[in-house]
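Peer 1: Take a look at the following structure, please.
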Number of protein chains: 2
Amino acid sequence: MTKSQRTRSLIVDAALRLFRERGYERTTMRAIAEAAGVSVGNAYYYFRSKEELVQGFYEHIAADHTAAAAEPLTGSTDLAQRLRVTLLAWLTVAEPYHALAGRFFAVAAQPGNPLSPFSQASYPARQVAIALYREVIEGSSIRVAEELEPELPELLWLYHLGIVLFWVYDDSAGLRRTRALIERTVPMVERLCRLSRLRVFRPLTRQIPQLLTELRNGD
Amino acid sequence: MTKSQRTRSLIVDAALRLFRERGYERTTMRAIAEAAGVSVGNAYYYFRSKEELVQGFYEHIAADHTAAAAEPLTGSTDLAQRLRVTLLAWLTVAEPYHALAGRFFAVAAQPGNPLSPFSQASYPARQVAIALYREVIEGSSIRVAEELEPELPELLWLYHLGIVLFWVYDDSAGLRRTRALIERTVPMVERLCRLSRLRVFRPLTRQIPQLLTELRNGD
DNA sequence: GTCTATAGCAAGATAGAC
DNA sequence: GTCTATCTTGCTATAGAC
């Protein structure tokens, strides 16, 4: 680890800690710099803006999620149950960052920003997340339509993103509404997976791989 | 129109124009006030913060969308076609604000912020948007499962929000990827609506009203 | 209640020296 | 890579006009 990397992570760690403690607005760059033991100018040498510091969230969360889901995933081969525990694990891991989530969107949605979940730069983190959902599926006893099978991990990751979006906006006590959304939709997703093998469904399922291909290639 | 309302809209119009011309960051409150022909203090008399000015986007876009969709909607009774022209009309109306969309999310996603599309304060704009989708359905020849019918406008509006989210992140030339998403998913949505009447689907469709009820009530 | 003018603070961001 | 000094700008406060 170079000196540069160490300084960088000193700053990120200090920033995320202060953000969690005091909130984003009430954490000043001066306070972050002081807590990290560097000058304000140095902090700006590594991060072009205060918002860019939110990227620390991104770096931490994918790895933490995989780790947190590992143990609960050993308990069941039922897809619905596996999905449920995986999503609940994410809620637990992400909880300290809930208040920051709005800011996170602001950063990620700047046009061309590498933090967009669909960007080239997010490829590694995205692969980690999709790999987790591949494990969710492979450890389950589900059988889905043949043409859907290779796409299912990515589809479940998109479903996960939908839950995350809802979570961002959810200010109910104890995230009651997000939990309700998970409880209600997880069985629906499982049912849709099962139904995908029916003949009436074929015209629909056949379109999905094409759709994903079109959306993926080329920014 | 009172003098108060006129001043207010002078400020919003100036702000949105400058935001589009120079971007959000590079537009100062001093410049907005000057362009609107008012003092800085007066701008702050009407809007408590610069971010609050983004709500002008919100106010404009719902009304503009309904207006822009009206004419193309006269052309067809096919649900897929009606959905397609409605979504494409939104793309046209929202296009000048694409670069601002990230900021818009930043504002809207602050916990408890009135700009959240799910908040109490957004109720009027949400009703306008949902009413548009009610018209999309009612002018079509589609028949869906009985229990789904009252919820369908809101479901289509949620689908619309999903497209909008994708659009926010879409930096492809001419919004190629968002257009592809619309072209591909519109027939899928129509097909799902049709399939909803099948018996195998009943356990799934029956859950939807309950889900929406749970998610709606109580912030 | 609506508005101007202006002074000034706090904090995000930058320039330039080392 | 790092620092100090400085600039910029969001925002507030105040005093007063109509």
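Every chain in the structure tokens takes a letter, A first, then B, and so on in the order presented; its residues are numbered from 1, and the ligands are numbered from 1 following the presented order.
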Taking all C-alpha atoms matched one to one in order, superimpose chain A on chain B and note the resulting RMSD in Å.

Peer 2: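 With all C-alpha atoms paired in order, the RMSD is 0.7 Å.
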
Peer 1: For the interface of chain B with chain A (cut-off 8 Å, counting only C-alpha atoms), please tabulate each contacting residue of chain B alongside its nearest pair of atoms and their separation in Å to one decimal, rows sorted by chain and increasing number, as a Markdown table.

Peer 2:
| residue | atom | partner | partner_atom | distance |
| --- | --- | --- | --- | --- |
| B:Ala99 | CA | A:Pro111 | CA | 6.6 |
| B:Ala101 | CA | A:Ala109 | CA | 7.4 |
| B:Gly102 | CA | A:Ala109 | CA | 4.5 |
| B:Arg103 | CA | A:Ala106 | CA | 5.5 |
| B:Phe104 | CA | A:Ala106 | CA | 7.7 |
| B:Phe105 | CA | A:Ala106 | CA | 6.0 |
| B:Ala106 | CA | A:Ala106 | CA | 4.3 |
| B:Val107 | CA | A:Gly102 | CA | 7.3 |
| B:Ala108 | CA | A:Gly102 | CA | 7.6 |
| B:Ala109 | CA | A:Gly102 | CA | 4.5 |
| B:Gln110 | CA | A:Gly102 | CA | 5.1 |
| B:Pro111 | CA | A:Asp171 | CA | 5.9 |
| B:Gly112 | CA | A:Asp171 | CA | 6.5 |
| B:Ser116 | CA | A:Tyr169 | CA | 7.0 |
| B:Phe118 | CA | A:Tyr169 | CA | 7.7 |
| B:Val168 | CA | A:Ala109 | CA | 6.3 |
| B:Tyr169 | CA | A:Ala109 | CA | 5.6 |
| B:Asp170 | CA | A:Pro111 | CA | 7.6 |
| B:Asp171 | CA | A:Pro111 | CA | 6.1 |
| B:Ser172 | CA | A:Asp219 | CA | 5.0 |
| B:Ala173 | CA | A:Asp219 | CA | 7.9 |
| B:Arg177 | CA | A:Leu215 | CA | 5.7 |
| B:Ala180 | CA | A:Glu214 | CA | 7.1 |
| B:Leu181 | CA | A:Leu215 | CA | 7.0 |
| B:Arg184 | CA | A:Leu211 | CA | 6.3 |
| B:Met188 | CA | A:Leu204 | CA | 6.3 |
| B:Arg191 | CA | A:Leu204 | CA | 7.5 |
| B:Leu204 | CA | A:Met188 | CA | 6.3 |
| B:Gln207 | CA | A:Arg184 | CA | 7.7 |
| B:Leu211 | CA | A:Arg184 | CA | 6.4 |
| B:Glu214 | CA | A:Ala180 | CA | 7.2 |
| B:Leu215 | CA | A:Arg177 | CA | 5.7 |
| B:Gly218 | CA | A:Ser172 | CA | 7.6 |
| B:Asp219 | CA | A:Ser172 | CA | 5.2 |

Peer 1: Fewer than 5 positions away in the same chain doesn't count, so skip those; otherwise give me all residues within 10 Å of Asp64 in chain A, counting only C-alpha atoms (C1' of nucleotides), as a tab-separated table (two decimals) with N, CA and C atoms, in the first residue's frame.

Peer 2:
chain	number	residue	atom	x	y	z
A	59	GLU	N	-17.71	1.73	-1.98
A	59	GLU	CA	-16.60	0.80	-1.87
A	59	GLU	C	-16.82	-0.20	-0.73
A	69	ALA	N	-24.36	-11.73	4.16
A	69	ALA	CA	-25.37	-12.67	3.66
A	69	ALA	C	-24.90	-14.11	3.76
A	89	ALA	N	-30.17	-8.73	4.87
A	89	ALA	CA	-28.76	-8.51	5.21
A	89	ALA	C	-28.30	-7.17	4.64
A	90	TRP	N	-28.76	-6.86	3.45
A	90	TRP	CA	-28.38	-5.57	2.86
A	90	TRP	C	-28.90	-4.42	3.71
A	92	THR	N	-29.41	-4.34	6.85
A	92	THR	CA	-28.58	-4.22	8.05
A	92	THR	C	-27.26	-3.53	7.74
A	93	VAL	N	-26.62	-3.96	6.66
A	93	VAL	CA	-25.32	-3.41	6.30
A	93	VAL	C	-25.43	-1.93	5.92
A	94	ALA	N	-26.50	-1.60	5.23
A	94	ALA	CA	-26.63	-0.24	4.70
A	94	ALA	C	-27.21	0.74	5.70

Peer 1: Tell me, as a ChimeraX atom specification, which residues lie within 10 Å of range 7-13 of chain C, counting only C-alpha atoms (C1' of nucleotides); anything in the same chain fewer than 4 positions away does not count.

Peer 2: /A:27-30,40-41,44,48-50 /D:7-14

Peer 1: Give as a list in words every residue of chain B that touches chain C within 8 Å, counting only C-alpha atoms (C1' of nucleotides).

Peer 2: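 Written out as asked, the residues are Ser4, Ser39 and Asn42 of chain B.
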
Peer 1: Which of range 72-160 of chain A end up as alpha helix (DSSP H) when DSSP is run on this backbone - answer as a ChimeraX atom specification?

Peer 2: /A:79-94,101-108,123-138,152-160

Peer 1: Now that the selection is made, can you save its residues with C-alpha atoms as a CSV table (one decimal), in the first residue's frame?

Peer 2:
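Output file part_21.csv is given in full below:
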chain,number,residue,atom,x,y,z
A,79,LEU,CA,-35.5,-19.2,-3.3
A,80,ALA,CA,-38.0,-16.9,-1.5
A,81,GLN,CA,-36.3,-17.4,1.8
A,82,ARG,CA,-32.8,-17.0,0.3
A,83,LEU,CA,-33.8,-13.8,-1.4
A,84,ARG,CA,-35.4,-12.5,1.8
A,85,VAL,CA,-32.4,-13.0,4.0
A,86,THR,CA,-30.1,-11.6,1.4
A,87,LEU,CA,-32.2,-8.4,1.1
A,88,LEU,CA,-32.5,-8.1,4.9
A,89,ALA,CA,-28.8,-8.5,5.2
A,90,TRP,CA,-28.4,-5.6,2.9
A,91,LEU,CA,-30.7,-3.5,5.0
A,92,THR,CA,-28.6,-4.2,8.0
A,93,VAL,CA,-25.3,-3.4,6.3
A,94,ALA,CA,-26.6,-0.2,4.7
A,101,ALA,CA,-28.5,7.8,0.5
A,102,GLY,CA,-29.9,10.9,-1.0
A,103,ARG,CA,-26.4,12.3,-1.4
A,104,PHE,CA,-25.2,9.1,-2.8
A,105,PHE,CA,-27.8,9.4,-5.6
A,106,ALA,CA,-26.7,13.0,-6.3
A,107,VAL,CA,-23.2,11.9,-6.9
A,108,ALA,CA,-24.0,8.7,-8.8
A,123,TYR,CA,-18.2,-3.1,-13.2
A,124,PRO,CA,-16.2,-4.7,-10.4
A,125,ALA,CA,-18.7,-3.8,-7.7
A,126,ARG,CA,-21.6,-4.8,-9.9
A,127,GLN,CA,-20.0,-8.2,-10.6
A,128,VAL,CA,-19.6,-8.7,-6.9
A,129,ALA,CA,-23.3,-7.9,-6.3
A,130,ILE,CA,-24.4,-10.1,-9.2
A,131,ALA,CA,-22.2,-13.0,-8.1
A,132,LEU,CA,-24.0,-12.9,-4.7
A,133,TYR,CA,-27.4,-13.3,-6.5
A,134,ARG,CA,-26.0,-16.1,-8.6
A,135,GLU,CA,-25.2,-17.8,-5.3
A,136,VAL,CA,-28.7,-17.1,-4.0
A,137,ILE,CA,-30.1,-18.9,-7.1
A,138,GLU,CA,-27.6,-21.8,-7.3
A,152,LEU,CA,-31.5,-14.5,-13.7
A,153,PRO,CA,-28.7,-13.2,-11.4
A,154,GLU,CA,-28.7,-9.9,-13.2
A,155,LEU,CA,-32.4,-9.7,-13.1
A,156,LEU,CA,-32.4,-10.3,-9.3
A,157,TRP,CA,-29.8,-7.6,-9.0
A,158,LEU,CA,-32.0,-5.2,-10.8
A,159,TYR,CA,-34.8,-6.2,-8.4
A,160,HIS,CA,-32.4,-5.5,-5.6
